[in-house]
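Engineer: The structure file upload08.csv (CSV, C-alpha atoms and all ligand atoms) is provided below.
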```
chain,number,residue,atom,x,y,z
N,10,MET,CA,-174.4,78.2,78.6
N,11,LEU,CA,-171.9,75.8,77.3
N,12,GLY,CA,-169.4,75.8,74.4
N,13,ILE,CA,-168.0,73.0,72.3
N,14,GLY,CA,-164.2,73.2,71.7
N,15,ILE,CA,-162.5,71.2,69.0
N,16,ASP,CA,-158.8,70.7,68.6
N,17,ILE,CA,-157.8,69.2,65.2
N,18,GLY,CA,-154.4,67.6,65.5
N,19,GLY,CA,-152.3,65.5,63.1
N,20,THR,CA,-153.2,62.3,64.9
N,21,ASN,CA,-156.3,63.0,67.1
N,22,THR,CA,-159.2,65.4,67.1
N,23,LYS,CA,-160.3,66.3,70.5
N,24,LEU,CA,-163.7,67.6,71.5
N,25,VAL,CA,-164.7,69.1,74.8
N,26,VAL,CA,-167.7,70.8,76.4
N,27,VAL,CA,-166.9,73.5,78.9
N,28,ASN,CA,-169.0,76.1,80.7
N,29,ARG,CA,-168.2,79.9,80.8
N,30,ALA,CA,-166.0,79.5,83.8
N,31,GLY,CA,-163.9,76.9,81.9
N,32,LYS,CA,-165.1,73.9,83.8
N,33,LEU,CA,-164.8,70.7,81.7
N,34,LEU,CA,-168.0,68.7,81.4
N,35,THR,CA,-167.0,66.1,78.9
N,36,GLN,CA,-164.3,65.2,76.5
N,37,GLU,CA,-163.8,62.7,73.7
N,38,ARG,CA,-161.5,62.1,70.8
N,39,PHE,CA,-161.4,60.3,67.5
N,40,LYS,CA,-158.6,59.7,65.0
N,41,THR,CA,-158.2,62.5,62.5
N,42,GLU,CA,-157.1,60.2,59.7
N,43,ALA,CA,-156.4,63.2,57.5
N,44,ALA,CA,-155.4,60.9,54.5
N,45,LYS,CA,-159.1,60.0,54.1
N,46,GLY,CA,-159.7,63.6,53.1
N,47,PRO,CA,-161.6,66.5,54.5
N,48,ALA,CA,-165.1,65.2,53.5
N,49,SER,CA,-164.7,62.0,55.5
N,50,PHE,CA,-163.3,64.0,58.4
N,51,LEU,CA,-166.2,66.5,58.4
N,52,LYS,CA,-168.7,63.6,58.4
N,53,ARG,CA,-167.0,62.0,61.5
N,54,LEU,CA,-166.7,65.4,63.2
N,55,GLY,CA,-170.4,66.1,62.5
N,56,ALA,CA,-171.3,62.8,64.1
N,57,ALA,CA,-169.3,63.6,67.2
N,58,VAL,CA,-170.8,67.0,67.5
N,59,ASP,CA,-174.3,65.6,67.0
N,60,GLY,CA,-173.6,63.3,69.9
N,61,LEU,CA,-172.8,66.3,72.1
N,62,ARG,CA,-175.9,68.1,71.0
N,63,HIS,CA,-177.9,65.1,71.9
N,64,ASP,CA,-176.4,65.2,75.4
N,65,TYR,CA,-176.4,68.9,76.1
N,66,GLY,CA,-179.1,70.3,73.8
N,67,ARG,CA,-179.9,74.0,74.1
N,68,GLN,CA,-177.3,74.6,76.7
N,69,LEU,CA,-174.8,74.6,73.9
N,70,VAL,CA,-174.4,78.1,72.4
N,71,SER,CA,-171.2,78.0,70.4
N,72,VAL,CA,-168.4,76.0,68.7
N,73,GLY,CA,-164.7,76.9,68.7
N,74,ILE,CA,-162.2,75.1,66.4
N,75,GLY,CA,-158.5,75.2,66.6
N,76,ALA,CA,-156.5,73.6,63.7
N,77,ALA,CA,-152.8,73.2,63.2
N,78,GLY,CA,-151.9,75.3,60.1
N,79,ASP,CA,-152.6,78.6,58.4
N,80,VAL,CA,-156.2,79.5,59.2
N,81,ASP,CA,-158.4,82.3,57.7
N,82,PRO,CA,-160.4,83.2,60.8
N,83,ASP,CA,-162.8,85.5,58.9
N,84,ARG,CA,-163.9,82.8,56.4
N,85,GLY,CA,-163.4,79.8,58.7
N,86,VAL,CA,-161.1,78.2,56.2
N,87,LEU,CA,-158.0,76.1,56.9
N,88,ARG,CA,-155.8,77.6,54.1
N,89,PHE,CA,-152.9,75.2,54.5
N,90,ALA,CA,-152.2,72.4,57.0
N,91,PRO,CA,-148.8,70.8,56.2
N,92,ASN,CA,-149.3,67.9,58.7
N,93,LEU,CA,-152.8,67.1,57.5
N,94,GLY,CA,-151.9,67.6,53.8
N,95,TRP,CA,-155.0,69.7,53.3
N,96,ARG,CA,-155.4,73.0,51.4
N,97,ASN,CA,-158.3,75.4,51.5
N,98,VAL,CA,-160.7,73.4,53.5
N,99,ALA,CA,-163.8,75.2,54.8
N,100,LEU,CA,-164.7,73.9,58.3
N,101,ALA,CA,-166.5,76.6,60.2
N,102,GLY,CA,-169.3,77.1,57.6
N,103,PRO,CA,-170.3,73.5,57.2
N,104,LEU,CA,-170.3,73.0,60.9
N,105,GLU,CA,-172.4,76.1,61.5
N,106,ARG,CA,-175.0,74.7,59.0
N,107,LEU,CA,-175.0,71.4,60.6
N,108,THR,CA,-175.3,72.6,64.2
N,109,GLY,CA,-177.0,76.0,63.8
N,110,LEU,CA,-174.4,77.3,66.3
N,111,PRO,CA,-171.9,80.1,65.6
N,112,CYS,CA,-168.6,78.6,64.9
N,113,ALA,CA,-165.2,80.4,65.4
N,114,MET,CA,-162.1,79.0,63.9
N,115,GLU,CA,-158.5,79.8,64.6
N,116,ASN,CA,-155.0,78.4,64.4
N,117,ASP,CA,-154.5,75.9,67.2
N,118,ALA,CA,-151.7,78.0,68.9
N,119,ASN,CA,-154.1,81.0,69.0
N,120,MET,CA,-156.6,78.8,70.8
N,121,ALA,CA,-154.0,77.6,73.2
N,122,ALA,CA,-153.0,81.2,73.8
N,123,TRP,CA,-156.6,82.1,74.6
N,124,GLY,CA,-156.8,79.1,76.9
N,125,ALA,CA,-153.6,80.3,78.7
N,126,TYR,CA,-155.1,83.8,79.0
N,127,GLU,CA,-158.4,82.6,80.4
N,128,ILE,CA,-157.6,79.5,82.3
N,129,GLU,CA,-153.9,79.9,83.4
N,130,LEU,CA,-153.9,83.6,83.9
N,131,LYS,CA,-157.6,84.3,84.7
N,132,ARG,CA,-157.3,87.4,82.5
N,133,LYS,CA,-154.9,89.0,85.0
N,134,HIS,CA,-152.6,90.1,82.1
N,135,ASP,CA,-153.9,91.9,79.1
N,136,ASN,CA,-150.8,91.3,76.9
N,137,VAL,CA,-149.8,87.7,76.7
N,138,LEU,CA,-147.5,85.7,74.4
N,139,ALA,CA,-148.0,82.0,74.5
N,140,LEU,CA,-145.6,79.6,72.9
N,141,THR,CA,-146.5,76.0,72.2
N,142,LEU,CA,-143.3,73.9,72.3
N,143,GLY,CA,-144.1,70.6,70.6
N,144,THR,CA,-142.8,68.9,67.4
N,145,GLY,CA,-143.2,72.4,66.0
N,146,ILE,CA,-143.4,75.7,67.7
N,147,GLY,CA,-146.6,77.7,67.5
N,148,SER,CA,-147.5,80.9,69.2
N,149,GLY,CA,-150.5,83.1,69.8
N,150,LEU,CA,-150.8,86.7,71.0
N,151,ILE,CA,-153.4,88.3,73.3
N,152,LEU,CA,-152.9,92.1,73.0
N,153,GLY,CA,-155.0,94.5,74.9
N,154,GLY,CA,-157.2,91.6,76.0
N,155,LYS,CA,-158.0,90.5,72.4
N,156,LEU,CA,-156.6,87.8,70.2
N,157,TYR,CA,-154.3,89.4,67.7
N,158,HIS,CA,-154.6,88.2,64.1
N,159,GLY,CA,-152.5,90.7,62.1
N,160,ALA,CA,-153.5,91.7,58.6
N,161,SER,CA,-154.0,88.2,57.2
N,162,GLY,CA,-154.7,86.1,60.3
N,163,THR,CA,-151.1,84.9,60.3
N,164,ALA,CA,-149.8,86.7,63.4
N,165,GLY,CA,-147.8,84.7,65.8
N,166,GLU,CA,-145.7,82.5,63.6
N,167,ALA,CA,-142.9,82.6,66.2
N,168,GLY,CA,-141.6,79.2,65.2
N,169,HIS,CA,-140.4,80.6,61.9
N,170,VAL,CA,-138.7,83.7,63.2
N,171,LYS,CA,-135.1,83.3,62.0
N,172,ILE,CA,-132.5,83.1,64.8
N,173,VAL,CA,-129.4,81.8,63.0
N,174,PRO,CA,-128.6,83.2,59.5
N,175,GLY,CA,-128.1,80.3,57.1
N,176,GLY,CA,-128.8,77.9,60.0
N,177,ARG,CA,-130.5,74.6,60.2
N,178,LEU,CA,-133.2,73.6,57.7
N,179,CYS,CA,-136.7,74.0,59.0
N,180,GLY,CA,-139.9,72.0,58.1
N,181,CYS,CA,-141.2,75.2,56.4
N,182,GLY,CA,-138.3,75.1,53.9
N,183,GLY,CA,-136.5,78.0,55.5
N,184,GLU,CA,-133.2,78.1,57.3
N,185,GLY,CA,-132.4,79.0,60.8
N,186,CYS,CA,-135.9,79.2,62.2
N,187,LEU,CA,-136.5,79.0,66.0
N,188,GLU,CA,-138.4,75.7,65.3
N,189,ALA,CA,-135.4,74.3,63.5
N,190,TYR,CA,-133.6,74.5,66.9
N,191,CYS,CA,-136.2,74.2,69.6
N,192,GLY,CA,-139.0,72.1,68.2
N,193,SER,CA,-138.8,68.6,69.7
N,194,LYS,CA,-137.8,67.1,66.3
N,195,ALA,CA,-135.0,69.6,66.0
N,196,ILE,CA,-133.9,69.1,69.6
N,197,MET,CA,-133.6,65.3,69.0
N,198,ALA,CA,-131.8,65.9,65.7
N,199,ARG,CA,-129.2,68.0,67.6
N,200,ALA,CA,-129.1,65.3,70.3
N,201,ARG,CA,-128.5,62.6,67.7
N,202,GLU,CA,-125.4,64.4,66.5
N,203,ALA,CA,-124.1,64.8,70.0
N,204,ILE,CA,-124.7,61.3,71.3
N,205,LYS,CA,-122.5,58.5,70.0
N,206,CYS,CA,-124.6,55.4,70.4
N,207,GLU,CA,-128.3,56.1,70.2
N,208,ASP,CA,-129.3,52.5,71.1
N,209,ALA,CA,-127.3,52.4,74.2
N,210,PHE,CA,-128.6,55.8,75.2
N,211,VAL,CA,-132.2,54.7,74.7
N,212,LYS,CA,-131.6,51.5,76.7
N,213,LYS,CA,-130.1,53.5,79.6
N,214,TYR,CA,-132.4,56.5,79.8
N,215,ALA,CA,-135.8,55.9,78.1
N,216,ASP,CA,-138.8,55.0,80.1
N,217,PRO,CA,-139.0,51.2,80.2
N,218,ASP,CA,-142.5,51.1,78.6
N,219,ARG,CA,-141.6,53.6,75.8
N,220,GLU,CA,-138.1,52.8,74.6
N,221,ARG,CA,-137.7,55.7,72.2
N,222,PHE,CA,-135.2,58.4,71.5
N,223,ASN,CA,-137.4,61.4,72.4
N,224,THR,CA,-137.3,64.5,74.6
N,225,ILE,CA,-138.5,62.4,77.7
N,226,CYS,CA,-135.5,60.1,77.2
N,227,LEU,CA,-133.2,63.2,76.8
N,228,THR,CA,-134.7,64.7,80.0
N,229,ASN,CA,-134.2,61.5,81.9
N,230,ALA,CA,-130.5,61.5,80.7
N,231,ALA,CA,-130.0,65.1,81.9
N,232,GLU,CA,-131.6,64.1,85.3
N,233,ALA,CA,-129.1,61.2,85.5
N,234,GLY,CA,-126.2,63.6,84.9
N,235,ASN,CA,-125.4,62.8,81.3
N,236,PRO,CA,-123.3,65.7,80.1
N,237,ALA,CA,-124.3,65.6,76.4
N,238,ALA,CA,-128.0,65.7,77.4
N,239,ARG,CA,-127.5,68.6,79.7
N,240,LYS,CA,-125.5,70.5,77.0
N,241,ILE,CA,-128.3,70.0,74.5
N,242,TRP,CA,-130.9,71.3,76.9
N,243,ALA,CA,-128.8,74.3,77.8
N,244,GLU,CA,-128.3,75.0,74.1
N,245,THR,CA,-132.1,74.7,73.6
N,246,GLY,CA,-132.5,77.3,76.4
N,247,ARG,CA,-130.1,79.7,74.7
N,248,TYR,CA,-131.8,79.4,71.3
N,249,LEU,CA,-135.2,79.8,72.9
N,250,GLY,CA,-134.0,82.9,74.8
N,251,MET,CA,-132.7,84.4,71.6
N,252,GLY,CA,-136.0,84.0,69.9
N,253,LEU,CA,-138.0,85.1,72.9
N,254,ALA,CA,-135.8,88.2,73.5
N,255,GLY,CA,-136.8,89.6,70.1
N,256,LEU,CA,-140.4,88.9,70.7
N,257,ILE,CA,-140.4,90.4,74.1
N,258,LEU,CA,-138.7,93.6,72.8
N,259,MET,CA,-141.3,93.8,70.1
N,260,LEU,CA,-144.4,93.1,72.1
N,261,ASN,CA,-143.6,94.0,75.7
N,262,PRO,CA,-145.9,91.2,77.1
N,263,GLY,CA,-146.9,91.1,80.7
N,264,CYS,CA,-146.6,87.4,80.6
N,265,VAL,CA,-145.1,84.7,78.5
N,266,VAL,CA,-146.7,81.3,78.8
N,267,LEU,CA,-144.7,78.3,77.6
N,268,THR,CA,-146.6,75.1,77.0
N,269,GLY,CA,-146.4,71.8,75.1
N,270,GLY,CA,-144.4,68.7,75.6
N,271,VAL,CA,-140.9,70.2,75.5
N,272,SER,CA,-141.8,72.7,78.3
N,273,ARG,CA,-141.7,69.7,80.7
N,274,ALA,CA,-137.9,69.8,80.5
N,275,ARG,CA,-138.0,73.3,82.0
N,276,LYS,CA,-135.5,72.4,84.7
N,277,TRP,CA,-132.9,71.8,82.1
N,278,PHE,CA,-133.5,74.6,79.5
N,279,LEU,CA,-135.0,77.4,81.6
N,280,PRO,CA,-131.8,78.7,83.4
N,281,ALA,CA,-130.0,79.2,80.1
N,282,MET,CA,-133.1,80.8,78.6
N,283,LEU,CA,-133.5,83.2,81.5
N,284,LYS,CA,-129.8,84.1,81.3
N,285,VAL,CA,-130.2,85.2,77.7
N,286,LEU,CA,-133.2,87.3,78.6
N,287,GLY,CA,-131.3,88.8,81.6
N,288,ALA,CA,-128.4,89.8,79.4
N,289,GLN,CA,-130.5,92.1,77.2
N,290,GLN,CA,-129.6,95.8,77.2
N,291,ILE,CA,-133.1,97.3,77.3
N,292,LYS,CA,-134.0,96.0,80.7
N,293,THR,CA,-137.5,97.0,81.7
N,294,PRO,CA,-139.5,94.6,79.5
N,295,PHE,CA,-137.4,91.8,80.7
N,296,THR,CA,-137.6,92.6,84.4
N,297,ARG,CA,-141.4,93.1,84.1
N,298,VAL,CA,-142.3,90.0,82.1
N,299,LYS,CA,-143.6,87.0,84.0
N,300,ILE,CA,-142.5,83.7,82.5
N,301,ARG,CA,-145.0,80.9,83.2
N,302,ILE,CA,-144.9,77.2,82.2
N,303,SER,CA,-148.2,75.4,81.8
N,304,ASP,CA,-148.5,71.6,82.0
N,305,ASP,CA,-152.1,71.8,80.9
N,306,ALA,CA,-152.2,69.6,77.8
N,307,ASP,CA,-155.7,70.7,77.0
N,308,LEU,CA,-155.2,74.4,76.6
N,309,GLY,CA,-155.9,74.1,72.9
N,310,SER,CA,-159.4,72.5,73.1
N,311,HIS,CA,-160.4,74.3,76.3
N,312,GLY,CA,-159.2,77.6,74.8
N,313,ALA,CA,-161.2,76.9,71.6
N,314,ALA,CA,-164.4,76.3,73.6
N,315,LEU,CA,-163.9,79.5,75.6
N,316,PHE,CA,-163.0,81.5,72.6
N,317,GLY,CA,-166.1,80.3,70.8
N,318,LEU,CA,-168.2,81.4,73.8
N,319,GLU,CA,-166.4,84.7,74.0
N,320,LYS,CA,-167.2,85.5,70.4
N,321,ALA,CA,-170.8,84.2,70.5
N,322,LEU,CA,-171.8,86.0,73.7
N,323,LYS,CA,-170.0,89.3,73.0
A,401,ZN,ZN,-139.5,77.6,59.6
```
Take the structure in the file and write it out as structure tokens.
Structural biologist:
Amino acid sequence: MLGIGIDIGGTNTKLVVVNRAGKLLTQERFKTEAAKGPASFLKRLGAAVDGLRHDYGRQLVSVGIGAAGDVDPDRGVLRFAPNLGWRNVALAGPLERLTGLPCAMENDANMAAWGAYEIELKRKHDNVLALTLGTGIGSGLILGGKLYHGASGTAGEAGHVKIVPGGRLCGCGGEGCLEAYCGSKAIMARAREAIKCEDAFVKKYADPDRERFNTICLTNAAEAGNPAARKIWAETGRYLGMGLAGLILMLNPGCVVLTGGVSRARKWFLPAMLKVLGAQQIKTPFTRVKIRISDDADLGSHGAALFGLEKALK
């Protein structure tokens, strides 16, 4: 029995086919091209899924979709996706009619959390908090071995937990959100303020084939001993620790999984983050919690496929 996993991102949409054990059988991607509208997207998604049905036929039993944005998992509707510019788009229903397969839809961070739970942790922990550290910060919760939705399907918006009253402006319109400090865009905004000459910095530290002022460049700089870069990463760790401390006190997870591009700079932000966690007064949840970093860039699509299978076969 196989499941299709779909991860709808701002730039690319990824499709995978995995088996129950999480083994990847195939993957492909196409450009999301959100500006062409949901109808065009659904047509192209339908064609891609048709191709997979042609290849795998009756072995396919389910579809799981993860999408960046506010998702109504009960109705399979993408309520709001700021980076796609879409509102109230039904995806699960049309895809079910097209394929005849049950189709589960969730926020992409929820699917990544499910991927972390099944693939990274092999279900060894029942209570897991997964944080996706990318341009934005998403999170998903597995509580008691189940994906936790909250009352409206919105649970796990950790990126918009406020950590600094009246602080930096966030993409959501609020001030002082965790994402406004620790999302990659926010990290680079803080770096831009700290570094005098951006061009020279990029020339010196960026990868030669990708001369851009980004978190890879900032990590290279820290590696080379640049004090401003090291300071920015340490600050990032402190902010992340502050956000995480509140979440750990609230949820008492057995494991926190950090994933996404920013987590690759672990060497430079993790010590400061752990220091904040270690300084909390209620000690037990912090001494118990395992912090793991996953470099698996496909947790979202794999998690979506496995979650679809889980729901269909339950
Ligand atoms: Zn926010």
Engineer: Which neighbours of N:Gly255 fall inside 10 Å, counting all atoms listed in the file, when residues of the same chain fewer than 4 positions from it are skipped, and could you give them as a ChimeraX atom specification?
Structural biologist: /N:170,172,250-251,259-261,286,289
Engineer: Mind checking which residues fall within 6 Å of stretch 120-123 of chain N, counting all atoms listed in the file, ignoring those fewer than 3 positions away in the same chain, and posting them as a PyMOL selection string?
Structural biologist: chain N and resi 75+117+126+139+149+308-309+312-313
Engineer: Just checking: using all atoms listed in the file, which residue out of N:Leu11, N:Lys52, N:Ala274, N:Ile74 ends up closest to N:Leu24?
Structural biologist: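 Of the candidates, the smallest distance to N:Leu24 is held by N:Ile74.
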Engineer: Between N:Ala167, N:Ile300, N:Ala321, N:Ala238, which has the minimum distance to ligand ZN 401 (chain A) (counting all atoms listed in the file)?
Structural biologist: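 Ranking N:Ala167, N:Ile300, N:Ala321, N:Ala238 by distance to ligand ZN 401 (chain A), first place goes to N:Ala167.
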Engineer: For each of N:Leu256, N:Ala160, N:Ala189, N:Ala48, take the minimum atom-to-atom distance to ligand ZN 401 (chain A), counting all atoms listed in the file, then give the residue where this is smallest.
Structural biologist: N:Ala189
Engineer: Could you produce a table of the residues of chain N lying within 7 Å of ligand ZN 401 (chain A), with the nearest pair of atoms per residue and their separation in Å rounded to one decimal, using only C-alpha atoms and all ligand atoms, ordered by chain and increasing residue number, as a Markdown table?
Structural biologist:
```
| residue | atom | partner | partner_atom | distance |
| --- | --- | --- | --- | --- |
| N:Gly168 | CA | A:ZN401 | ZN | 6.2 |
| N:His169 | CA | A:ZN401 | ZN | 3.9 |
| N:Cys179 | CA | A:ZN401 | ZN | 4.6 |
| N:Gly180 | CA | A:ZN401 | ZN | 5.8 |
| N:Cys181 | CA | A:ZN401 | ZN | 4.3 |
| N:Gly182 | CA | A:ZN401 | ZN | 6.3 |
| N:Gly183 | CA | A:ZN401 | ZN | 5.1 |
| N:Glu184 | CA | A:ZN401 | ZN | 6.7 |
| N:Cys186 | CA | A:ZN401 | ZN | 4.7 |
| N:Glu188 | CA | A:ZN401 | ZN | 6.1 |
| N:Ala189 | CA | A:ZN401 | ZN | 6.6 |
```
Engineer: So that I have them on file, write out the residues from the current selection with C-alpha atoms, as a PDB file, keeping the file's coordinate frame.
Structural biologist:
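Okay, this is what ended up in result_2.pdb:
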```
ATOM      1  CA  GLY N 168    -141.600  79.200  65.200  1.00  0.00           C
ATOM      2  CA  HIS N 169    -140.400  80.600  61.900  1.00  0.00           C
ATOM      3  CA  CYS N 179    -136.700  74.000  59.000  1.00  0.00           C
ATOM      4  CA  GLY N 180    -139.900  72.000  58.100  1.00  0.00           C
ATOM      5  CA  CYS N 181    -141.200  75.200  56.400  1.00  0.00           C
ATOM      6  CA  GLY N 182    -138.300  75.100  53.900  1.00  0.00           C
ATOM      7  CA  GLY N 183    -136.500  78.000  55.500  1.00  0.00           C
ATOM      8  CA  GLU N 184    -133.200  78.100  57.300  1.00  0.00           C
ATOM      9  CA  CYS N 186    -135.900  79.200  62.200  1.00  0.00           C
ATOM     10  CA  GLU N 188    -138.400  75.700  65.300  1.00  0.00           C
ATOM     11  CA  ALA N 189    -135.400  74.300  63.500  1.00  0.00           C
TER      12      ALA N 189
END
```
Engineer: Just give me the gap between atom CA of N:Thr22 and atom CA of N:Asp304 in Å, one decimal is fine.
Structural biologist: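 Result for atom CA of N:Thr22 versus atom CA of N:Asp304: 19.4 Å, one decimal.
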Engineer: Hey, which of N:Glu166, N:Ala43, N:Ile257, N:Met197 ends up closest to N:Ala237? Count all atoms listed in the file.
Structural biologist: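 Closest to N:Ala237, using all atoms listed in the file: N:Met197.
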Engineer: Quick one: distance from atom CA of N:Glu244 to atom CA of N:Met282 in Å, one decimal?
Structural biologist: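 Rounded to one decimal, the two atoms are 8.8 Å apart.
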Engineer: Just add N, CA and C atoms to stretch 218-229 of chain N and send it as a PDB file, keeping the file's coordinate frame.
Structural biologist:
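Generated file (result-v8.pdb):
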```
ATOM      1  N   ASP N 218    -141.316  51.475  79.440  1.00  0.00           N
ATOM      2  CA  ASP N 218    -142.500  51.100  78.600  1.00  0.00           C
ATOM      3  C   ASP N 218    -142.483  51.869  77.277  1.00  0.00           C
ATOM      4  N   ARG N 219    -141.586  52.833  77.117  1.00  0.00           N
ATOM      5  CA  ARG N 219    -141.600  53.600  75.800  1.00  0.00           C
ATOM      6  C   ARG N 219    -140.109  53.798  75.435  1.00  0.00           C
ATOM      7  N   GLU N 220    -139.507  52.731  74.915  1.00  0.00           N
ATOM      8  CA  GLU N 220    -138.100  52.800  74.600  1.00  0.00           C
ATOM      9  C   GLU N 220    -137.880  53.559  73.274  1.00  0.00           C
ATOM     10  N   ARG N 221    -137.910  54.887  73.379  1.00  0.00           N
ATOM     11  CA  ARG N 221    -137.700  55.700  72.200  1.00  0.00           C
ATOM     12  C   ARG N 221    -136.802  56.858  72.458  1.00  0.00           C
ATOM     13  N   PHE N 222    -136.126  57.270  71.387  1.00  0.00           N
ATOM     14  CA  PHE N 222    -135.200  58.400  71.500  1.00  0.00           C
ATOM     15  C   PHE N 222    -136.045  59.677  71.341  1.00  0.00           C
ATOM     16  N   ASN N 223    -136.505  60.182  72.465  1.00  0.00           N
ATOM     17  CA  ASN N 223    -137.400  61.400  72.400  1.00  0.00           C
ATOM     18  C   ASN N 223    -136.978  62.337  73.545  1.00  0.00           C
ATOM     19  N   THR N 224    -137.737  63.436  73.654  1.00  0.00           N
ATOM     20  CA  THR N 224    -137.300  64.500  74.600  1.00  0.00           C
ATOM     21  C   THR N 224    -137.494  63.961  76.081  1.00  0.00           C
ATOM     22  N   ILE N 225    -138.367  62.971  76.299  1.00  0.00           N
ATOM     23  CA  ILE N 225    -138.500  62.400  77.700  1.00  0.00           C
ATOM     24  C   ILE N 225    -137.201  61.666  78.016  1.00  0.00           C
ATOM     25  N   CYS N 226    -136.743  60.885  77.044  1.00  0.00           N
ATOM     26  CA  CYS N 226    -135.500  60.100  77.200  1.00  0.00           C
ATOM     27  C   CYS N 226    -134.330  61.125  77.456  1.00  0.00           C
ATOM     28  N   LEU N 227    -134.322  62.219  76.705  1.00  0.00           N
ATOM     29  CA  LEU N 227    -133.200  63.200  76.800  1.00  0.00           C
ATOM     30  C   LEU N 227    -133.323  63.931  78.204  1.00  0.00           C
ATOM     31  N   THR N 228    -134.534  64.123  78.687  1.00  0.00           N
ATOM     32  CA  THR N 228    -134.700  64.700  80.000  1.00  0.00           C
ATOM     33  C   THR N 228    -134.248  63.781  81.102  1.00  0.00           C
ATOM     34  N   ASN N 229    -134.619  62.505  80.962  1.00  0.00           N
ATOM     35  CA  ASN N 229    -134.200  61.500  81.900  1.00  0.00           C
ATOM     36  C   ASN N 229    -132.633  61.462  81.995  1.00  0.00           C
TER      37      ASN N 229
END
```
